[in-house]
Amino acid sequence: MAGKKTNRNEKLIRVGVIGVGRGGGFAHGACKAVGMELVAICDSWRERLEQVGKDLDVATYTDYDKFLEHDMDAVILANYFHQHAPFAVKALKAGKHVMSETSACFTLGQGVELIETVEKTGKIYMFAENYPYTAYNQEMRRVYQSGKIGDFVYGEGEYVHPMDADDINRLSCGQDHWRNWIPATYYSTHSLAPLMFITDTWPVKVNGFVMPLATDDPTFTRSVKISDAASMIALRMDNGAVVKLLQVHLRGHGSWVRVHGCRGQMENLREGNKGMVRLTREQYHEKRVDPEVQIYLPDFPQHHDEAVKAGHGGGDFFMNYHFAHAIRTGKQPFLDVYRGVAMSMVGIQAYRSALDDSNTVEIPDFRKKSVRKKYRNDHWSPDPTQRKKGDPQPSILGKIKPTQQGIKYARKIWKKHGFTE
């Protein structure tokens, strides 16, 4: 994944961003370092939009269609989690390259439409999953691709991110905000993406297991959340390897990746400096060339100085870097639309599995055109604001109503941040 060194004399790529919060932050912070120029921002939150536009000295829009008419080359989508695909399709059809935050699609039907739009327009699409680009995940990819630990047999990925109720409510203003109802399996790309990046394998089958939010969790009575706490997902990969994913609102914050090959094993540390890699090589029946165990702190393989200044452990820099590189070369990035849709389908299909007593569900391969027809009109969705007959509730327990105590507490926090229902 080295790519060429950025040429500061190359023509700037003009970029527009959807989302004044996450979007304005990571796009502005890393754009200049890779030869991109932020020229416009779009958001429905008018007050915040005007302030950010003034601070960054860029054009502002509340109308997405008008935004797409702005003179720019590419669009970065950092809008709501469940709304990326329709915005991406519109931008691609308007002749813009697209980098989309997770998830790529919220239904399988959206995934088919998105892939076919990328194919038809020929525009660059990058899935903006930043966790593969931490220094330790890039190092584990290097080690794996060198053949040192042998073929991939088993892996684990964890993205455990508990928050207190004040932070939960600050990030999810309003009862309809997606963070208050998103099923626990859907936000699984942070745990899956590093494993797909390191081993270059694809998911083919999934079993999903969901843990409801415990009523004695003190955040439960201080929020309006109507979905579950966490999920464990078991995957079969296309080379036969098995993967376990663990994610979301459990105690014990951390991001961790473990890879077992037939000749060795590696992981980032759970304790101490979690950016360090532990590489274990017993070297049975092999000439010993390595210590049995090595623990070391890897650098970024390139652009170290720029990466350490960026968010998410350097991931935000490398997302922008690879997006810009893809636009300039005309070659789709590693995290292309096919991988983005595949990762996003894991969360959807895992929830289907969890609601079916955790039975095995297929992850269809949308790289094959013949497979897509069956799923073109599959818009099964847990979105409470778009519910249709046959759609699931956001919790495996069924329909949950927030407590009056939770609503009252949430509204108090929302008000502090300028939001009132």
# chains A, B, ... in the order shown; residues from 1 in each chain; ligands from 1
$ residues_around --residues "Glu37 of chain A" --least-positions-apart "3" --cutoff "7 Å" --atoms "only C-alpha atoms" --output "list in words"
Leu12, Ile13, Arg14, Val15, Cys31 and Lys32 of chain A
$ write_last_selection --atoms "N, CA and C atoms" --output "PDB file, in the first residue's frame"
ATOM      1  N   LEU A  12      -4.338  20.950  -7.195  1.00  0.00           N
ATOM      2  CA  LEU A  12      -5.161  20.650  -6.034  1.00  0.00           C
ATOM      3  C   LEU A  12      -6.470  19.991  -6.451  1.00  0.00           C
ATOM      4  N   ILE A  13      -6.880  19.008  -5.678  1.00  0.00           N
ATOM      5  CA  ILE A  13      -8.178  18.368  -5.876  1.00  0.00           C
ATOM      6  C   ILE A  13      -9.188  19.108  -5.018  1.00  0.00           C
ATOM      7  N   ARG A  14     -10.198  19.686  -5.641  1.00  0.00           N
ATOM      8  CA  ARG A  14     -11.187  20.483  -4.913  1.00  0.00           C
ATOM      9  C   ARG A  14     -12.241  19.554  -4.317  1.00  0.00           C
ATOM     10  N   VAL A  15     -12.439  19.674  -3.011  1.00  0.00           N
ATOM     11  CA  VAL A  15     -13.283  18.727  -2.277  1.00  0.00           C
ATOM     12  C   VAL A  15     -14.400  19.463  -1.544  1.00  0.00           C
ATOM     13  N   CYS A  31      -6.605  17.473   4.418  1.00  0.00           N
ATOM     14  CA  CYS A  31      -6.711  17.751   2.983  1.00  0.00           C
ATOM     15  C   CYS A  31      -5.427  18.332   2.403  1.00  0.00           C
ATOM     16  N   LYS A  32      -4.935  19.399   3.011  1.00  0.00           N
ATOM     17  CA  LYS A  32      -3.789  20.111   2.452  1.00  0.00           C
ATOM     18  C   LYS A  32      -2.554  19.222   2.367  1.00  0.00           C
TER      19      LYS A  32
END
$ closest_atom_pairs --of "segment 278-391 of chain A" --to "segment 173-196 of chain A" --cutoff "10 Å" --atoms "only C-alpha atoms" --output "CSV"
residue,atom,partner,partner_atom,distance
A:Leu335,CA,A:Ala193,CA,9.0
A:Arg339,CA,A:Met196,CA,8.6
A:Gly340,CA,A:Thr189,CA,8.8
A:Ala342,CA,A:Thr189,CA,9.8
A:Met343,CA,A:Thr189,CA,6.0
A:Ser344,CA,A:Thr189,CA,6.9
A:Met345,CA,A:Tyr186,CA,8.5
A:Val346,CA,A:Ser188,CA,7.6
A:Gly347,CA,A:Tyr186,CA,4.0
A:Ile348,CA,A:Tyr186,CA,6.0
A:Gln349,CA,A:Thr185,CA,8.7
A:Ala350,CA,A:Thr185,CA,6.2
A:Tyr351,CA,A:Thr185,CA,5.9
A:Arg352,CA,A:Thr185,CA,9.6
A:Ala354,CA,A:Thr185,CA,8.8
A:Pro382,CA,A:Pro183,CA,7.5
A:Asp383,CA,A:Trp181,CA,7.5
A:Pro384,CA,A:Asp176,CA,7.7
A:Thr385,CA,A:Asp176,CA,7.3
$ write_last_selection --atoms "N, CA, C and O atoms" --output "PDB file, in the first residue's frame"
ATOM      1  N   LEU A 335      -9.553   0.018  -0.583  1.00  0.00           N
ATOM      2  CA  LEU A 335     -10.870   0.069   0.060  1.00  0.00           C
ATOM      3  C   LEU A 335     -11.873   0.623  -0.950  1.00  0.00           C
ATOM      4  O   LEU A 335     -12.386   1.731  -0.818  1.00  0.00           O
ATOM      5  N   ARG A 339     -15.302  -3.785  -1.535  1.00  0.00           N
ATOM      6  CA  ARG A 339     -14.964  -4.093  -0.144  1.00  0.00           C
ATOM      7  C   ARG A 339     -15.854  -3.305   0.821  1.00  0.00           C
ATOM      8  O   ARG A 339     -16.254  -3.819   1.867  1.00  0.00           O
ATOM      9  N   GLY A 340     -16.136  -2.049   0.483  1.00  0.00           N
ATOM     10  CA  GLY A 340     -16.987  -1.240   1.351  1.00  0.00           C
ATOM     11  C   GLY A 340     -18.371  -1.835   1.510  1.00  0.00           C
ATOM     12  O   GLY A 340     -18.913  -1.926   2.625  1.00  0.00           O
ATOM     13  N   ALA A 342     -19.199  -5.008   0.940  1.00  0.00           N
ATOM     14  CA  ALA A 342     -19.078  -6.310   1.619  1.00  0.00           C
ATOM     15  C   ALA A 342     -18.999  -6.136   3.132  1.00  0.00           C
ATOM     16  O   ALA A 342     -19.662  -6.852   3.891  1.00  0.00           O
ATOM     17  N   MET A 343     -18.164  -5.196   3.576  1.00  0.00           N
ATOM     18  CA  MET A 343     -18.054  -4.946   5.019  1.00  0.00           C
ATOM     19  C   MET A 343     -19.383  -4.482   5.600  1.00  0.00           C
ATOM     20  O   MET A 343     -19.770  -4.892   6.710  1.00  0.00           O
ATOM     21  N   SER A 344     -20.079  -3.611   4.883  1.00  0.00           N
ATOM     22  CA  SER A 344     -21.341  -3.071   5.380  1.00  0.00           C
ATOM     23  C   SER A 344     -22.415  -4.147   5.443  1.00  0.00           C
ATOM     24  O   SER A 344     -23.250  -4.168   6.352  1.00  0.00           O
ATOM     25  N   MET A 345     -22.402  -5.074   4.476  1.00  0.00           N
ATOM     26  CA  MET A 345     -23.378  -6.160   4.484  1.00  0.00           C
ATOM     27  C   MET A 345     -23.190  -7.088   5.670  1.00  0.00           C
ATOM     28  O   MET A 345     -24.153  -7.722   6.121  1.00  0.00           O
ATOM     29  N   VAL A 346     -21.975  -7.197   6.190  1.00  0.00           N
ATOM     30  CA  VAL A 346     -21.746  -8.062   7.349  1.00  0.00           C
ATOM     31  C   VAL A 346     -22.640  -7.638   8.512  1.00  0.00           C
ATOM     32  O   VAL A 346     -23.281  -8.473   9.164  1.00  0.00           O
ATOM     33  N   GLY A 347     -22.705  -6.338   8.795  1.00  0.00           N
ATOM     34  CA  GLY A 347     -23.544  -5.860   9.889  1.00  0.00           C
ATOM     35  C   GLY A 347     -25.015  -6.121   9.655  1.00  0.00           C
ATOM     36  O   GLY A 347     -25.756  -6.492  10.574  1.00  0.00           O
ATOM     37  N   ILE A 348     -25.463  -5.932   8.409  1.00  0.00           N
ATOM     38  CA  ILE A 348     -26.870  -6.158   8.063  1.00  0.00           C
ATOM     39  C   ILE A 348     -27.226  -7.635   8.202  1.00  0.00           C
ATOM     40  O   ILE A 348     -28.204  -8.009   8.863  1.00  0.00           O
ATOM     41  N   GLN A 349     -26.411  -8.488   7.582  1.00  0.00           N
ATOM     42  CA  GLN A 349     -26.701  -9.923   7.593  1.00  0.00           C
ATOM     43  C   GLN A 349     -26.497 -10.540   8.979  1.00  0.00           C
ATOM     44  O   GLN A 349     -27.172 -11.508   9.335  1.00  0.00           O
ATOM     45  N   ALA A 350     -25.581  -9.969   9.764  1.00  0.00           N
ATOM     46  CA  ALA A 350     -25.401 -10.453  11.136  1.00  0.00           C
ATOM     47  C   ALA A 350     -26.646 -10.181  11.970  1.00  0.00           C
ATOM     48  O   ALA A 350     -27.007 -10.983  12.848  1.00  0.00           O
ATOM     49  N   TYR A 351     -27.309  -9.060  11.701  1.00  0.00           N
ATOM     50  CA  TYR A 351     -28.542  -8.764  12.447  1.00  0.00           C
ATOM     51  C   TYR A 351     -29.667  -9.706  12.016  1.00  0.00           C
ATOM     52  O   TYR A 351     -30.449 -10.176  12.846  1.00  0.00           O
ATOM     53  N   ARG A 352     -29.711 -10.001  10.723  1.00  0.00           N
ATOM     54  CA  ARG A 352     -30.681 -11.003  10.260  1.00  0.00           C
ATOM     55  C   ARG A 352     -30.450 -12.328  10.981  1.00  0.00           C
ATOM     56  O   ARG A 352     -31.393 -13.012  11.400  1.00  0.00           O
ATOM     57  N   ALA A 354     -28.947 -12.798  13.939  1.00  0.00           N
ATOM     58  CA  ALA A 354     -29.281 -12.673  15.367  1.00  0.00           C
ATOM     59  C   ALA A 354     -30.780 -12.795  15.601  1.00  0.00           C
ATOM     60  O   ALA A 354     -31.219 -13.374  16.609  1.00  0.00           O
ATOM     61  N   PRO A 382     -33.925  -1.446   9.749  1.00  0.00           N
ATOM     62  CA  PRO A 382     -34.414  -1.195  11.107  1.00  0.00           C
ATOM     63  C   PRO A 382     -34.683   0.282  11.406  1.00  0.00           C
ATOM     64  O   PRO A 382     -34.937   0.626  12.554  1.00  0.00           O
ATOM     65  N   ASP A 383     -34.606   1.150  10.409  1.00  0.00           N
ATOM     66  CA  ASP A 383     -34.796   2.585  10.622  1.00  0.00           C
ATOM     67  C   ASP A 383     -36.232   2.849  11.075  1.00  0.00           C
ATOM     68  O   ASP A 383     -37.179   2.655  10.295  1.00  0.00           O
ATOM     69  N   PRO A 384     -36.448   3.305  12.321  1.00  0.00           N
ATOM     70  CA  PRO A 384     -37.813   3.507  12.832  1.00  0.00           C
ATOM     71  C   PRO A 384     -38.582   4.571  12.063  1.00  0.00           C
ATOM     72  O   PRO A 384     -39.814   4.553  12.035  1.00  0.00           O
ATOM     73  N   THR A 385     -37.887   5.493  11.419  1.00  0.00           N
ATOM     74  CA  THR A 385     -38.566   6.575  10.698  1.00  0.00           C
ATOM     75  C   THR A 385     -38.992   6.148   9.297  1.00  0.00           C
ATOM     76  O   THR A 385     -39.731   6.886   8.629  1.00  0.00           O
TER      77      THR A 385
END
$ closest_residue --among "A:Asp65, A:Asp200, A:Asp299, A:Glu158" --to "Arg270 of chain A" --atoms "only C-alpha atoms"
A:Glu158
$ residues_around --residues "Glu306 of chain A" --least-positions-apart "4" --cutoff "9 Å" --atoms "only C-alpha atoms" --output "PDB file with N, CA, C and O atoms, in the first residue's frame"
ATOM      1  N   ALA A  30      -6.608  17.122   7.136  1.00  0.00           N
ATOM      2  CA  ALA A  30      -5.679  16.304   6.351  1.00  0.00           C
ATOM      3  C   ALA A  30      -5.685  16.620   4.862  1.00  0.00           C
ATOM      4  O   ALA A  30      -4.864  16.098   4.123  1.00  0.00           O
ATOM      5  N   ALA A  33      -2.380  18.351   3.324  1.00  0.00           N
ATOM      6  CA  ALA A  33      -1.186  17.499   3.359  1.00  0.00           C
ATOM      7  C   ALA A  33      -1.117  16.547   2.173  1.00  0.00           C
ATOM      8  O   ALA A  33      -0.042  16.056   1.835  1.00  0.00           O
ATOM      9  N   ALA A 310      -2.515  13.526  12.383  1.00  0.00           N
ATOM     10  CA  ALA A 310      -3.902  13.324  11.993  1.00  0.00           C
ATOM     11  C   ALA A 310      -4.667  12.529  13.041  1.00  0.00           C
ATOM     12  O   ALA A 310      -4.080  11.906  13.933  1.00  0.00           O
ATOM     13  N   GLY A 314      -3.634   8.238  12.894  1.00  0.00           N
ATOM     14  CA  GLY A 314      -3.060   8.398  11.567  1.00  0.00           C
ATOM     15  C   GLY A 314      -3.982   7.961  10.443  1.00  0.00           C
ATOM     16  O   GLY A 314      -3.727   8.245   9.265  1.00  0.00           O
ATOM     17  N   PHE A 317      -5.322  10.663   7.950  1.00  0.00           N
ATOM     18  CA  PHE A 317      -4.381  11.102   6.913  1.00  0.00           C
ATOM     19  C   PHE A 317      -4.361  10.113   5.762  1.00  0.00           C
ATOM     20  O   PHE A 317      -4.449  10.493   4.581  1.00  0.00           O
TER      21      PHE A 317
END
$ select_by_dssp --residues "segment 62-308 of chain A" --states "strand (DSSP E)" --output "number ranges by chain"
A: 74-77, 97-101, 125-128, 152-160, 203-211, 230-237, 242-248, 254-261, 265-268, 277-280, 293-296
$ select_by_dssp --residues "segment 152-300 of chain A" --states "alpha helix (DSSP H)" --output "list in words"
Ala165, Asp166, Asp167, Ile168, Asn169, Arg170, Leu171, Thr189, His190, Ser191, Leu192, Ala193, Pro194, Leu195, Met196, Phe197, Ile198 and Thr199 of chain A
$ write_last_selection --atoms "N, CA, C and O atoms" --output "PDB file, in the first residue's frame"
ATOM      1  N   ALA A 165     -23.238   8.679  29.730  1.00  0.00           N
ATOM      2  CA  ALA A 165     -24.498   9.134  29.146  1.00  0.00           C
ATOM      3  C   ALA A 165     -24.398  10.539  28.581  1.00  0.00           C
ATOM      4  O   ALA A 165     -25.059  10.859  27.588  1.00  0.00           O
ATOM      5  N   ASP A 166     -23.565  11.383  29.192  1.00  0.00           N
ATOM      6  CA  ASP A 166     -23.433  12.744  28.680  1.00  0.00           C
ATOM      7  C   ASP A 166     -22.855  12.740  27.272  1.00  0.00           C
ATOM      8  O   ASP A 166     -23.314  13.470  26.386  1.00  0.00           O
ATOM      9  N   ASP A 167     -21.827  11.915  27.033  1.00  0.00           N
ATOM     10  CA  ASP A 167     -21.235  11.825  25.697  1.00  0.00           C
ATOM     11  C   ASP A 167     -22.187  11.155  24.713  1.00  0.00           C
ATOM     12  O   ASP A 167     -22.284  11.554  23.545  1.00  0.00           O
ATOM     13  N   ILE A 168     -22.893  10.124  25.167  1.00  0.00           N
ATOM     14  CA  ILE A 168     -23.865   9.465  24.291  1.00  0.00           C
ATOM     15  C   ILE A 168     -24.900  10.469  23.805  1.00  0.00           C
ATOM     16  O   ILE A 168     -25.201  10.561  22.612  1.00  0.00           O
ATOM     17  N   ASN A 169     -25.434  11.250  24.718  1.00  0.00           N
ATOM     18  CA  ASN A 169     -26.472  12.214  24.350  1.00  0.00           C
ATOM     19  C   ASN A 169     -25.921  13.376  23.525  1.00  0.00           C
ATOM     20  O   ASN A 169     -26.596  13.875  22.619  1.00  0.00           O
ATOM     21  N   ARG A 170     -24.696  13.773  23.814  1.00  0.00           N
ATOM     22  CA  ARG A 170     -24.079  14.862  23.042  1.00  0.00           C
ATOM     23  C   ARG A 170     -23.919  14.467  21.580  1.00  0.00           C
ATOM     24  O   ARG A 170     -24.094  15.303  20.686  1.00  0.00           O
ATOM     25  N   LEU A 171     -23.604  13.201  21.335  1.00  0.00           N
ATOM     26  CA  LEU A 171     -23.385  12.734  19.973  1.00  0.00           C
ATOM     27  C   LEU A 171     -24.666  12.302  19.269  1.00  0.00           C
ATOM     28  O   LEU A 171     -24.634  11.979  18.076  1.00  0.00           O
ATOM     29  N   THR A 189     -17.534  -2.350  11.054  1.00  0.00           N
ATOM     30  CA  THR A 189     -16.425  -2.233  10.103  1.00  0.00           C
ATOM     31  C   THR A 189     -15.111  -1.875  10.776  1.00  0.00           C
ATOM     32  O   THR A 189     -14.043  -2.213  10.258  1.00  0.00           O
ATOM     33  N   HIS A 190     -15.149  -1.198  11.934  1.00  0.00           N
ATOM     34  CA  HIS A 190     -13.896  -0.891  12.626  1.00  0.00           C
ATOM     35  C   HIS A 190     -13.201  -2.167  13.103  1.00  0.00           C
ATOM     36  O   HIS A 190     -11.970  -2.206  13.205  1.00  0.00           O
ATOM     37  N   SER A 191     -13.966  -3.196  13.407  1.00  0.00           N
ATOM     38  CA  SER A 191     -13.362  -4.457  13.850  1.00  0.00           C
ATOM     39  C   SER A 191     -13.030  -5.378  12.676  1.00  0.00           C
ATOM     40  O   SER A 191     -12.051  -6.138  12.728  1.00  0.00           O
ATOM     41  N   LEU A 192     -13.789  -5.296  11.587  1.00  0.00           N
ATOM     42  CA  LEU A 192     -13.570  -6.173  10.444  1.00  0.00           C
ATOM     43  C   LEU A 192     -12.533  -5.639   9.462  1.00  0.00           C
ATOM     44  O   LEU A 192     -11.711  -6.408   8.929  1.00  0.00           O
ATOM     45  N   ALA A 193     -12.543  -4.343   9.206  1.00  0.00           N
ATOM     46  CA  ALA A 193     -11.703  -3.780   8.141  1.00  0.00           C
ATOM     47  C   ALA A 193     -10.214  -4.091   8.299  1.00  0.00           C
ATOM     48  O   ALA A 193      -9.552  -4.433   7.309  1.00  0.00           O
ATOM     49  N   PRO A 194      -9.640  -3.981   9.511  1.00  0.00           N
ATOM     50  CA  PRO A 194      -8.219  -4.317   9.626  1.00  0.00           C
ATOM     51  C   PRO A 194      -7.904  -5.751   9.208  1.00  0.00           C
ATOM     52  O   PRO A 194      -6.864  -6.010   8.581  1.00  0.00           O
ATOM     53  N   LEU A 195      -8.781  -6.698   9.529  1.00  0.00           N
ATOM     54  CA  LEU A 195      -8.523  -8.097   9.184  1.00  0.00           C
ATOM     55  C   LEU A 195      -8.599  -8.322   7.678  1.00  0.00           C
ATOM     56  O   LEU A 195      -7.784  -9.056   7.109  1.00  0.00           O
ATOM     57  N   MET A 196      -9.564  -7.685   7.021  1.00  0.00           N
ATOM     58  CA  MET A 196      -9.641  -7.792   5.565  1.00  0.00           C
ATOM     59  C   MET A 196      -8.444  -7.112   4.908  1.00  0.00           C
ATOM     60  O   MET A 196      -7.931  -7.583   3.890  1.00  0.00           O
ATOM     61  N   PHE A 197      -7.992  -6.010   5.486  1.00  0.00           N
ATOM     62  CA  PHE A 197      -6.852  -5.265   4.961  1.00  0.00           C
ATOM     63  C   PHE A 197      -5.552  -6.069   5.116  1.00  0.00           C
ATOM     64  O   PHE A 197      -4.744  -6.158   4.195  1.00  0.00           O
ATOM     65  N   ILE A 198      -5.361  -6.667   6.266  1.00  0.00           N
ATOM     66  CA  ILE A 198      -4.127  -7.414   6.551  1.00  0.00           C
ATOM     67  C   ILE A 198      -4.039  -8.665   5.686  1.00  0.00           C
ATOM     68  O   ILE A 198      -2.993  -8.960   5.098  1.00  0.00           O
ATOM     69  N   THR A 199      -5.149  -9.407   5.584  1.00  0.00           N
ATOM     70  CA  THR A 199      -5.115 -10.733   4.960  1.00  0.00           C
ATOM     71  C   THR A 199      -5.659 -10.770   3.537  1.00  0.00           C
ATOM     72  O   THR A 199      -5.490 -11.780   2.845  1.00  0.00           O
TER      73      THR A 199
END
$ atom_distance --atom1 "atom CA of Lys90 of chain A" --atom2 "atom CA of Lys331 of chain A"
21.0 Å
$ closest_atom_pairs --of "segment 255-344 of chain A" --to "segment 96-119 of chain A" --cutoff "8 Å" --atoms "only C-alpha atoms" --output "Markdown table"
| residue | atom | partner | partner_atom | distance |
| --- | --- | --- | --- | --- |
| A:Phe323 | CA | A:Met99 | CA | 7.0 |
| A:Ile327 | CA | A:His97 | CA | 7.5 |
| A:Val337 | CA | A:Ile115 | CA | 6.2 |
| A:Tyr338 | CA | A:Ile115 | CA | 6.9 |
| A:Gly340 | CA | A:Ala104 | CA | 5.6 |
| A:Val341 | CA | A:Ala104 | CA | 5.5 |
| A:Ser344 | CA | A:Ser103 | CA | 5.5 |
$ write_last_selection --atoms "C-alpha atoms" --output "PDB file, in the first residue's frame"
ATOM      1  CA  PHE A 323      -8.341   8.879  -2.009  1.00  0.00           C
ATOM      2  CA  ILE A 327      -8.186  10.247  -8.195  1.00  0.00           C
ATOM      3  CA  VAL A 337     -16.805   0.033  -3.422  1.00  0.00           C
ATOM      4  CA  TYR A 338     -16.802  -3.786  -3.465  1.00  0.00           C
ATOM      5  CA  GLY A 340     -16.987  -1.240   1.351  1.00  0.00           C
ATOM      6  CA  VAL A 341     -20.295  -2.875   0.475  1.00  0.00           C
ATOM      7  CA  SER A 344     -21.341  -3.071   5.380  1.00  0.00           C
TER       8      SER A 344
END
$ atom_distance --atom1 "atom CA of Ile396 of chain A" --atom2 "atom CA of Ser227 of chain A"
7.9 Å
$ residues_around --residues "segment 235-248 of chain A" --least-positions-apart "6" --cutoff "7 Å" --atoms "only C-alpha atoms" --output "list in words"
Phe152, Val153, Tyr154, Gly155, Glu156, Gly157, Glu158, Tyr159, Val160, His161, Pro162, Ala184, Ser188, Ser191, Leu192, Thr201, Trp202, Pro203, Val204, Lys205, Val206, Asn207 and Ala229 of chain A
$ atom_distance --atom1 "atom CA of Val75 of chain A" --atom2 "atom CA of Asp336 of chain A"
15.1 Å
$ residues_around --residues "Asn268 of chain A" --least-positions-apart "6" --cutoff "8 Å" --atoms "only C-alpha atoms" --output "list of chain:residue names"
A:Tyr136, A:Trp256, A:Val257, A:Arg258, A:Lys274, A:Gly275, A:Met276, A:Val277, A:Arg278
$ write_last_selection --atoms "C-alpha atoms" --output "PDB file, in the first residue's frame"
ATOM      1  CA  TYR A 136       0.277  -1.412  13.843  1.00  0.00           C
ATOM      2  CA  TRP A 256      -7.563  -4.823  19.164  1.00  0.00           C
ATOM      3  CA  VAL A 257      -6.623  -7.051  16.228  1.00  0.00           C
ATOM      4  CA  ARG A 258      -5.322 -10.627  16.364  1.00  0.00           C
ATOM      5  CA  LYS A 274      -1.437  -0.618  22.517  1.00  0.00           C
ATOM      6  CA  GLY A 275       0.254   0.535  19.322  1.00  0.00           C
ATOM      7  CA  MET A 276       2.976  -2.093  19.804  1.00  0.00           C
ATOM      8  CA  VAL A 277       2.920  -5.365  17.855  1.00  0.00           C
ATOM      9  CA  ARG A 278       3.542  -8.812  19.352  1.00  0.00           C
TER      10      ARG A 278
END
$ residues_around --residues "Gln404 of chain A" --least-positions-apart "2" --cutoff "12 Å" --atoms "only C-alpha atoms" --output "number ranges by chain"
A: 220-224, 401-402, 406-411
